[in-house]
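Q: This is target-v9.cif (mmCIF, C-alpha atoms and all ligand atoms).
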data_start
loop_
_atom_site.label_atom_id
_atom_site.label_comp_id
_atom_site.auth_asym_id
_atom_site.auth_seq_id
_atom_site.Cartn_x
_atom_site.Cartn_y
_atom_site.Cartn_z
CA MET J 19 72.08 157.36 145.39
CA ALA J 20 70.60 160.82 144.75
CA PRO J 21 67.10 161.23 146.22
CA THR J 22 64.05 161.55 143.98
CA ALA J 23 60.74 163.26 144.71
CA TRP J 24 59.58 159.88 146.07
CA SER J 25 62.45 159.43 148.52
CA ALA J 26 61.72 159.84 152.22
CA ILE J 27 63.21 162.86 153.99
CA ARG J 28 63.98 163.25 157.67
CA LEU J 29 63.58 166.63 159.37
CA ARG J 30 64.69 166.50 163.03
CA ASP J 31 62.70 163.55 164.50
CA VAL J 32 60.08 163.52 161.76
CA SER J 33 60.34 161.18 158.79
CA ILE J 34 58.25 162.20 155.78
CA PRO J 35 57.53 159.34 153.34
CA ASN J 36 58.08 161.40 150.16
CA ARG J 37 58.91 164.94 149.00
CA VAL J 38 55.63 165.75 147.22
CA TRP J 39 53.61 167.82 149.67
CA LEU J 40 50.21 169.52 149.59
CA SER J 41 50.80 173.29 149.53
CA PRO J 42 48.85 175.28 152.14
CA MET J 43 45.65 176.64 150.57
CA CYS J 44 42.97 178.62 152.40
CA GLN J 45 39.56 176.97 152.17
CA TYR J 46 37.62 179.81 153.84
CA SER J 47 35.38 177.11 155.32
CA ALA J 48 35.93 177.31 159.09
CA ASP J 49 32.84 177.35 161.29
CA ALA J 50 31.80 180.49 163.18
CA ALA J 51 34.27 179.58 165.96
CA GLY J 52 37.21 179.37 163.51
CA ALA J 53 37.38 175.57 163.90
CA PRO J 54 37.79 172.93 161.16
CA THR J 55 34.59 171.53 159.62
CA GLY J 56 33.62 168.41 157.68
CA TRP J 57 34.95 170.16 154.58
CA HIS J 58 38.45 170.23 156.05
CA LEU J 59 38.27 166.54 157.04
CA ALA J 60 37.16 165.52 153.53
CA HIS J 61 39.55 167.88 151.71
CA TYR J 62 42.73 167.14 153.68
CA GLY J 63 41.86 163.47 154.25
CA SER J 64 41.53 162.83 150.51
CA ARG J 65 44.91 164.50 149.74
CA ALA J 66 46.52 162.36 152.48
CA ALA J 67 44.93 159.22 150.98
CA GLY J 68 45.99 160.58 147.58
CA GLY J 69 49.69 160.12 148.20
CA ALA J 70 51.00 163.51 149.41
CA GLY J 71 53.86 162.75 151.82
CA MET J 72 52.97 165.77 153.93
CA VAL J 73 49.68 167.66 154.07
CA VAL J 74 50.17 171.30 155.01
CA VAL J 75 46.90 172.61 156.38
CA GLU J 76 46.02 176.10 155.18
CA CYS J 77 47.07 179.39 156.71
CA THR J 78 45.65 179.35 160.25
CA GLY J 79 45.39 182.52 162.31
CA VAL J 80 47.32 182.93 165.56
CA ALA J 81 44.64 185.38 166.82
CA PRO J 82 41.18 186.46 165.61
CA ASP J 83 42.50 189.72 164.10
CA MET J 84 45.49 188.03 162.46
CA ARG J 85 43.23 186.14 160.01
CA THR J 86 42.42 187.29 156.49
CA THR J 87 38.69 186.55 156.80
CA ASP J 88 36.27 185.38 159.48
CA ARG J 89 36.11 182.00 157.72
CA ASP J 90 39.85 181.33 158.22
CA LEU J 91 40.89 178.62 160.65
CA GLY J 92 42.39 179.66 163.98
CA LEU J 93 44.54 178.01 166.65
CA TYR J 94 43.80 180.22 169.64
CA THR J 95 40.85 178.48 171.40
CA GLU J 96 40.37 175.03 172.91
CA GLU J 97 37.49 174.33 170.51
CA GLN J 98 39.83 175.00 167.58
CA VAL J 99 42.56 172.79 169.10
CA ALA J 100 40.04 169.92 169.42
CA GLY J 101 39.02 170.31 165.74
CA HIS J 102 42.65 170.43 164.59
CA GLU J 103 43.38 167.33 166.66
CA ARG J 104 40.71 165.42 164.71
CA LEU J 105 42.20 166.72 161.46
CA ALA J 106 45.84 165.90 162.34
CA THR J 107 44.82 162.41 163.55
CA LEU J 108 42.96 161.75 160.31
CA ILE J 109 45.89 162.88 158.11
CA SER J 110 48.32 160.67 160.10
CA SER J 111 46.01 157.65 159.93
CA LEU J 112 46.06 157.92 156.12
CA GLY J 113 49.87 157.79 155.98
CA ALA J 114 50.80 161.47 155.53
CA VAL J 115 52.62 163.77 157.94
CA PRO J 116 50.24 166.44 159.31
CA ALA J 117 51.58 170.01 159.16
CA VAL J 118 49.93 173.38 159.62
CA GLN J 119 50.82 176.85 158.38
CA LEU J 120 50.51 179.62 160.97
CA GLY J 121 49.62 183.03 159.61
CA VAL J 122 49.80 186.62 160.79
CA ALA J 123 48.00 188.45 158.00
CA GLY J 124 49.07 192.04 158.77
CA ARG J 125 47.65 194.55 156.29
CA LYS J 126 46.06 191.72 154.26
CA SER J 127 43.58 190.98 157.04
CA SER J 128 39.85 191.63 157.34
CA HIS J 129 38.59 191.05 153.81
CA GLY J 130 35.78 189.08 152.15
CA VAL J 131 35.96 185.41 151.12
CA PRO J 132 36.79 184.91 147.42
CA TRP J 133 33.30 183.79 146.46
CA SER J 134 31.51 186.70 148.17
CA THR J 135 30.23 189.12 145.54
CA ALA J 136 33.01 191.58 146.22
CA GLY J 137 35.85 189.01 146.50
CA THR J 138 39.10 189.16 148.49
CA ARG J 139 39.87 192.77 147.56
CA HIS J 140 36.77 193.87 149.49
CA PRO J 141 37.60 195.18 152.99
CA VAL J 142 35.26 194.11 155.80
CA PRO J 143 35.23 196.94 158.36
CA PRO J 144 34.89 196.65 162.14
CA GLY J 145 31.18 196.51 162.97
CA GLU J 146 30.44 194.39 159.90
CA GLY J 147 32.36 191.39 161.21
CA GLY J 148 35.82 192.76 160.42
CA TRP J 149 38.58 194.37 162.47
CA GLN J 150 41.37 196.95 162.27
CA PRO J 151 44.41 195.50 160.46
CA LEU J 152 47.90 196.05 161.94
CA ALA J 153 51.07 196.38 159.87
CA PRO J 154 54.63 197.73 160.10
CA SER J 155 53.52 200.97 158.38
CA ALA J 156 50.19 202.59 157.57
CA ILE J 157 50.36 201.58 153.89
CA PRO J 158 47.31 199.66 152.63
CA PHE J 159 47.25 196.53 150.47
CA ALA J 160 45.29 197.47 147.34
CA ASP J 161 41.75 198.52 148.33
CA LEU J 162 41.87 197.02 151.81
CA ALA J 163 41.71 199.19 154.96
CA VAL J 164 44.66 201.42 155.86
CA PRO J 165 46.42 199.39 158.58
CA ALA J 166 47.39 200.91 161.93
CA GLU J 167 51.15 201.12 162.44
CA MET J 168 52.10 198.49 165.02
CA THR J 169 53.25 199.70 168.41
CA THR J 170 55.84 197.88 170.56
CA ARG J 171 52.91 196.64 172.63
CA ASP J 172 51.18 195.23 169.54
CA GLY J 173 54.46 193.49 168.69
CA THR J 174 54.69 191.89 172.14
CA ARG J 175 51.09 190.70 171.88
CA ILE J 176 51.64 189.20 168.41
CA LEU J 177 54.74 187.31 169.62
CA GLU J 178 52.69 185.89 172.52
CA ASP J 179 49.94 184.88 170.06
CA ILE J 180 52.50 183.09 167.87
CA ALA J 181 54.01 181.20 170.82
CA ARG J 182 50.54 180.12 172.03
CA ALA J 183 49.41 179.03 168.55
CA ALA J 184 52.62 177.00 168.11
CA ALA J 185 52.02 175.26 171.45
CA ASN J 186 48.42 174.61 170.40
CA ALA J 187 49.59 173.14 167.06
CA HIS J 188 51.86 170.78 169.02
CA ARG J 189 49.02 169.77 171.35
CA ALA J 190 46.76 169.15 168.34
CA GLY J 191 49.28 166.59 167.04
CA TYR J 192 50.81 168.44 164.09
CA ARG J 193 54.35 167.25 163.47
CA VAL J 194 55.64 170.06 161.25
CA LEU J 195 54.94 173.78 161.59
CA GLU J 196 55.20 176.32 158.79
CA LEU J 197 55.23 180.06 159.40
CA HIS J 198 53.78 182.14 156.57
CA GLY J 199 56.50 184.64 155.74
CA ALA J 200 55.49 185.37 152.12
CA ASN J 201 52.56 186.54 149.96
CA GLY J 202 52.43 189.96 151.62
CA TYR J 203 51.68 188.70 155.14
CA LEU J 204 53.12 190.52 158.18
CA PHE J 205 56.53 188.77 158.10
CA HIS J 206 56.97 189.75 154.42
CA GLU J 207 55.70 193.29 155.11
CA PHE J 208 58.40 193.78 157.74
CA LEU J 209 61.11 192.56 155.36
CA SER J 210 60.15 194.58 152.30
CA PRO J 211 61.22 198.22 152.14
CA LEU J 212 58.06 198.84 150.08
CA ALA J 213 55.83 197.98 153.07
CA ASN J 214 58.09 198.84 156.02
CA ARG J 215 58.88 202.55 156.34
CA ARG J 216 59.48 202.49 160.10
CA THR J 217 62.14 204.67 161.65
CA ASP J 218 62.40 202.75 164.95
CA GLU J 219 64.48 199.62 165.64
CA TRP J 220 62.16 197.51 163.38
CA GLY J 221 62.78 199.58 160.24
CA GLY J 222 65.72 200.81 158.16
CA ASP J 223 68.28 198.56 156.46
CA LEU J 224 67.66 194.85 155.88
CA GLU J 225 69.28 193.92 159.19
CA ARG J 226 66.80 196.12 161.07
CA ARG J 227 63.78 195.08 158.99
CA LEU J 228 64.67 191.47 159.79
CA ARG J 229 64.52 191.99 163.57
CA PHE J 230 60.79 191.48 164.11
CA PRO J 231 60.56 188.50 161.69
CA LEU J 232 63.40 186.81 163.61
CA GLU J 233 61.51 187.49 166.85
CA MET J 234 58.49 185.79 165.25
CA VAL J 235 60.57 182.66 164.59
CA ARG J 236 62.01 182.69 168.12
CA ALA J 237 58.49 183.06 169.56
CA LEU J 238 57.31 180.14 167.43
CA ARG J 239 60.16 178.00 168.72
CA THR J 240 59.26 178.72 172.37
CA GLY J 241 55.91 176.98 171.86
CA TRP J 242 57.15 174.21 169.54
CA PRO J 243 59.37 171.34 170.71
CA GLU J 244 63.00 171.03 169.60
CA ASP J 245 62.48 167.61 168.02
CA LYS J 246 59.87 168.90 165.56
CA PRO J 247 60.86 170.85 162.42
CA VAL J 248 59.96 174.41 161.43
CA ILE J 249 59.49 175.64 157.86
CA VAL J 250 59.22 179.29 156.82
CA ARG J 251 57.53 180.25 153.56
CA LEU J 252 59.55 183.10 152.06
CA PRO J 253 59.41 185.12 148.84
CA ALA J 254 62.44 184.43 146.59
CA GLU J 255 62.17 188.15 145.64
CA ASP J 256 59.54 190.89 145.35
CA LEU J 257 59.83 191.29 141.55
CA LEU J 258 59.25 195.03 142.12
CA GLU J 259 61.47 198.08 141.64
CA GLY J 260 62.91 198.98 145.06
CA GLY J 261 61.61 195.73 146.60
CA LEU J 262 63.39 192.69 148.04
CA SER J 263 66.01 191.11 145.79
CA THR J 264 67.05 187.46 145.72
CA ARG J 265 70.32 188.55 147.29
CA ASP J 266 68.39 190.09 150.21
CA MET J 267 66.34 186.93 150.54
CA THR J 268 69.30 184.53 150.58
CA THR J 269 70.70 186.68 153.44
CA VAL J 270 67.34 186.29 155.22
CA ALA J 271 67.31 182.51 154.56
CA ALA J 272 70.80 182.11 156.05
CA ARG J 273 69.75 184.03 159.17
CA LEU J 274 66.62 181.91 159.51
CA GLY J 275 68.72 178.76 159.18
CA ALA J 276 70.93 180.02 162.02
CA THR J 277 67.76 180.67 164.10
CA GLY J 278 66.54 177.06 163.94
CA VAL J 279 64.50 177.01 160.73
CA ASP J 280 64.86 173.64 158.97
CA VAL J 281 63.36 174.32 155.54
CA ILE J 282 62.73 177.44 153.46
CA ASP J 283 59.57 177.04 151.35
CA LEU J 284 59.96 179.42 148.42
CA SER J 285 57.23 181.47 146.87
CA VAL J 286 57.70 184.66 144.82
CA GLY J 287 56.24 188.19 144.50
CA ALA J 288 52.71 188.79 145.85
CA LEU J 289 53.58 191.74 148.12
CA VAL J 290 51.05 193.78 146.13
CA PRO J 291 48.47 192.65 143.57
CA GLU J 292 50.37 194.39 140.75
CA ALA J 293 53.53 192.29 141.26
CA PRO J 294 54.26 190.10 138.22
CA ARG J 295 52.89 186.56 138.54
CA PRO J 296 55.20 184.09 136.83
CA ALA J 297 53.37 181.17 135.27
CA GLU J 298 56.00 178.97 133.62
CA PRO J 299 56.47 175.50 135.12
CA LEU J 300 58.83 175.33 138.11
CA HIS J 301 59.28 179.12 138.12
CA THR J 302 59.96 179.33 141.84
CA ALA J 303 61.86 176.03 142.18
CA ARG J 304 64.46 177.53 139.80
CA TYR J 305 65.57 179.86 142.61
CA GLY J 306 66.33 176.77 144.70
CA PRO J 307 70.08 176.42 144.04
CA GLN J 308 70.76 180.03 145.13
CA PHE J 309 68.95 179.41 148.42
CA ARG J 310 70.50 176.00 148.98
CA SER J 311 73.92 177.63 148.96
CA THR J 312 72.97 179.07 152.40
CA GLY J 313 73.03 175.51 153.79
CA VAL J 314 69.30 175.33 154.58
CA LEU J 315 66.98 172.77 152.95
CA VAL J 316 64.76 174.28 150.26
CA ALA J 317 61.26 173.45 149.04
CA ALA J 318 59.14 175.36 146.51
CA SER J 319 55.68 175.53 144.99
CA GLY J 320 54.68 177.26 141.76
CA ALA J 321 53.26 175.69 138.59
CA ILE J 322 54.28 172.13 139.38
CA SER J 323 51.52 170.24 137.63
CA GLU J 324 53.02 167.45 135.50
CA PRO J 325 54.78 164.33 136.77
CA HIS J 326 57.96 165.20 134.83
CA HIS J 327 58.21 168.49 136.77
CA LEU J 328 58.96 166.39 139.85
CA ASP J 329 61.95 164.75 138.14
CA GLU J 330 63.22 168.16 137.03
CA ALA J 331 62.82 169.64 140.52
CA VAL J 332 64.22 166.98 142.88
CA PRO J 333 67.13 166.79 143.53
CA GLU J 334 68.59 169.31 141.04
CA LEU J 335 66.67 172.42 142.15
CA VAL J 336 65.06 171.74 145.53
CA ASP J 337 64.81 169.14 148.29
CA ALA J 338 60.99 168.89 148.15
CA VAL J 339 58.05 170.35 146.23
CA LEU J 340 54.66 171.66 147.30
CA VAL J 341 51.82 171.21 144.87
CA GLY J 342 48.86 173.59 145.03
CA ARG J 343 46.30 173.91 142.28
CA ALA J 344 47.07 170.55 140.64
CA MET J 345 46.09 168.87 143.92
CA LEU J 346 42.93 171.00 144.14
CA ARG J 347 41.96 169.64 140.74
CA ASP J 348 42.83 166.07 141.66
CA PRO J 349 43.21 164.78 145.23
CA TYR J 350 44.98 161.70 143.86
CA TRP J 351 47.52 163.75 141.88
CA ALA J 352 50.51 162.31 143.74
CA LEU J 353 49.39 158.68 143.27
CA ARG J 354 48.87 159.28 139.56
CA ALA J 355 52.17 161.17 139.18
CA ARG J 356 54.05 158.29 140.77
CA ASP J 357 53.04 156.07 137.88
CA ARG J 358 53.64 152.78 139.63
CA ASP J 359 51.57 149.64 139.51
CA PRO J 360 48.34 150.92 141.13
CA LEU J 361 48.14 147.70 143.11
CA GLU J 362 51.37 148.72 144.82
CA SER J 363 50.53 152.33 145.59
CA TRP J 364 46.76 152.92 145.61
CA PRO J 365 44.62 152.21 148.69
CA ARG J 366 43.50 148.57 148.85
CA GLN J 367 39.90 149.70 148.96
CA TYR J 368 40.28 150.90 145.34
CA HIS J 369 42.13 147.90 143.86
CA ARG J 370 39.08 146.56 142.07
CA ALA J 371 39.08 149.72 139.99
CA PHE J 372 42.30 148.67 138.22
C1 LIG M 1 42.87 178.59 146.66
C2 LIG M 1 44.27 178.93 147.07
C3 LIG M 1 44.52 179.24 148.40
C4 LIG M 1 45.84 179.52 148.82
N1 LIG M 1 46.07 179.74 150.15
C5 LIG M 1 47.35 179.83 150.59
C6 LIG M 1 47.66 179.82 151.97
O1 LIG M 1 46.79 179.63 152.85
N2 LIG M 1 48.96 179.97 152.34
C7 LIG M 1 49.96 180.09 151.41
O2 LIG M 1 51.13 180.22 151.78
N3 LIG M 1 49.70 180.05 150.09
C8 LIG M 1 48.44 179.89 149.66
N4 LIG M 1 48.19 179.74 148.32
C9 LIG M 1 49.34 179.58 147.40
C10 LIG M 1 49.64 178.08 147.17
O3 LIG M 1 50.02 177.44 148.38
C11 LIG M 1 50.78 177.88 146.16
O4 LIG M 1 51.98 178.37 146.70
C12 LIG M 1 50.49 178.59 144.84
O5 LIG M 1 49.18 178.32 144.38
C13 LIG M 1 51.50 178.15 143.76
O6 LIG M 1 51.52 176.75 143.60
P1 LIG M 1 50.66 176.00 142.43
O7 LIG M 1 51.11 176.61 141.13
O8 LIG M 1 51.05 174.55 142.57
O9 LIG M 1 49.21 176.25 142.69
C14 LIG M 1 46.89 179.51 147.88
C15 LIG M 1 46.61 179.23 146.53
C16 LIG M 1 45.33 178.91 146.13
C17 LIG M 1 45.08 178.56 144.68
#
What does this structure look like when you write it as structure tokens?
Ligand SMILES: Cc1cc2nc3c(=O)[nH]c(=O)nc-3n(C[C@H](O)[C@H](O)[C@H](O)COP(=O)(O)O)c2cc1C

A:
Amino acid sequence: MAPTAWSAIRLRDVSIPNRVWLSPMCQYSADAAGAPTGWHLAHYGSRAAGGAGMVVVECTGVAPDMRTTDRDLGLYTEEQVAGHERLATLISSLGAVPAVQLGVAGRKSSHGVPWSTAGTRHPVPPGEGGWQPLAPSAIPFADLAVPAEMTTRDGTRILEDIARAAANAHRAGYRVLELHGANGYLFHEFLSPLANRRTDEWGGDLERRLRFPLEMVRALRTGWPEDKPVIVRLPAEDLLEGGLSTRDMTTVAARLGATGVDVIDLSVGALVPEAPRPAEPLHTARYGPQFRSTGVLVAASGAISEPHHLDEAVPELVDAVLVGRAMLRDPYWALRARDRDPLESWPRQYHRAF
């Protein structure tokens, strides 16, 4: 029988109870040490109790200067590992698989939190709590600081940071690891000819621009056990003249599959703020069949907000969906979307409500 969005899926040794997952979403609510707070426990715990089969914790920095803001979570100190362990244990105890997205922000780092007066486009310079961003080339993202072009030494350091953060995620009890390779983060910057103008071995044609991103995946795998799956979030295309095409990205997906990546989590655009932002339901999931032809499992987020979108998405377009804003609006979105007898699916503690 063909799977539905509610069918379990097995990735390596991890069985996920359904294919409706919480999409990673920055909460900008870490404490001063970059560790999870009560907000994270309440926020992720309620989505786990709310029926998401997997809860992907927001983009978490592999090093202090690889975060977007100083309120991002990190996974580079013991204090952070202890906080993530509490979070992963809570998510598991509520029946969902705990996952975390690791991020290397590149030129998008060192900005303000969205609700600061100046918003996320506001650079925070060194000396005011910020730091110098690093990127493949010295091309800024919008009004943020001009990044320093990464040296080979910076590259080696970043790969070590990734390996350590992956090992820390494992120690904290996460069962699935996602690497952020989209939305204009460092991985995406290396891939896109619009952000990577290097003339050394990390720049040039797609094959060369792919070298450092593949190293990032290999580094991740050195810290993360073989029996646990890896997901990479990738743009389906840049939607920009001269940018990455879907054909480029299916080539990248195939190479990632051959490098031990289990699932490609599709996103689209977002290399620069001016990139078109599709809004129609399932806009990114519709790229799914092209990416599935590479043999790798495919998941997608993007305007999945109604229960019938799940039926349209799985299994025709993708193997799993990630739901973002709809689950911000309603932590119990998945339980409601499932539309079963509430006494079968809702927590027992709430049965008297029905
Ligand atoms: C508040 C907020 C924070 C986000 N933070 C992240 C993030 O940390 N990592 C990421 O890959 N995408 C992030 N995104 C993108 C979402 O994960 C998702 O891909 C996007 O919102 C599209 O899905 P949706 O239409 O279901 O919201 C964020 C989106 C929102 C609204």

Q: Give the residues close to ligand LIG 1 (chain M), within 7 Å, counting all atoms listed in the file; write them as a PyMOL selection string.

A: chain J and resi 41-45+76-77+198+200-201+251+285+319-323+340-344

Q: Could you turn the residues from that selection into a file that holds C-alpha atoms, as a short mmCIF file (atom, residue, chain, number, x, y, z; two decimals), in the coordinates of the input?

A:
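This went into part_13.cif:
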data_model
loop_
_atom_site.label_atom_id
_atom_site.label_comp_id
_atom_site.auth_asym_id
_atom_site.auth_seq_id
_atom_site.Cartn_x
_atom_site.Cartn_y
_atom_site.Cartn_z
CA SER J 41 50.80 173.29 149.53
CA PRO J 42 48.85 175.28 152.14
CA MET J 43 45.65 176.64 150.57
CA CYS J 44 42.97 178.62 152.40
CA GLN J 45 39.56 176.97 152.17
CA GLU J 76 46.02 176.10 155.18
CA CYS J 77 47.07 179.39 156.71
CA HIS J 198 53.78 182.14 156.57
CA ALA J 200 55.49 185.37 152.12
CA ASN J 201 52.56 186.54 149.96
CA ARG J 251 57.53 180.25 153.56
CA SER J 285 57.23 181.47 146.87
CA SER J 319 55.68 175.53 144.99
CA GLY J 320 54.68 177.26 141.76
CA ALA J 321 53.26 175.69 138.59
CA ILE J 322 54.28 172.13 139.38
CA SER J 323 51.52 170.24 137.63
CA LEU J 340 54.66 171.66 147.30
CA VAL J 341 51.82 171.21 144.87
CA GLY J 342 48.86 173.59 145.03
CA ARG J 343 46.30 173.91 142.28
CA ALA J 344 47.07 170.55 140.64
#

Q: Please provide the set of residues having any atom within 7 Å of Ala185 in chain J, restricted to all atoms listed in the file, with same-chain residues fewer than 4 positions apart removed, written as a PyMOL selection string.

A: chain J and resi 181+189+241-242

Q: Quick one: contact table of range 147-249 of chain J to range 127-135 of chain J, 8 Å max, nearest atom pair and distance in Å to one decimal per residue, counting all atoms listed in the file, chain and number order, as JSON lines?

A:
{"residue": "J:Gly148", "atom": "CA", "partner": "J:Ser128", "partner_atom": "CA", "distance": 5.2}
{"residue": "J:Trp149", "atom": "CA", "partner": "J:Ser128", "partner_atom": "CA", "distance": 6.0}
{"residue": "J:Gln150", "atom": "CA", "partner": "J:Ser128", "partner_atom": "CA", "distance": 7.4}
{"residue": "J:Pro151", "atom": "CA", "partner": "J:Ser127", "partner_atom": "CA", "distance": 5.7}
{"residue": "J:Leu162", "atom": "CA", "partner": "J:His129", "partner_atom": "CA", "distance": 7.1}

Q: Between CA of Leu361 in chain J and CA of Gly63 in chain J, measure the distance and give it in Å to one decimal.

A: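 Atom-to-atom, CA of Leu361 in chain J and CA of Gly63 in chain J are spaced 20.3 Å apart.
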
Q: Restricting the calculation to all atoms listed in the file, which member of J:Asn36, J:Ser155, J:Ser47, J:Ser210 is positioned closest to Gly124 in chain J?

A: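 Result for the nearest residue to Gly124 in chain J: J:Ser155.
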
Q: Hey, can you check how far CA of Ala272 in chain J sits from CA of Gly287 in chain J?

A: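 Pair CA of Ala272 in chain J / CA of Gly287 in chain J returns 19.6 Å.
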
Q: Between CA of Thr264 in chain J and CA of Gly306 in chain J, what is the distance, to one decimal in Å?

A: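 Separating CA of Thr264 in chain J from CA of Gly306 in chain J is a distance of 10.8 Å.
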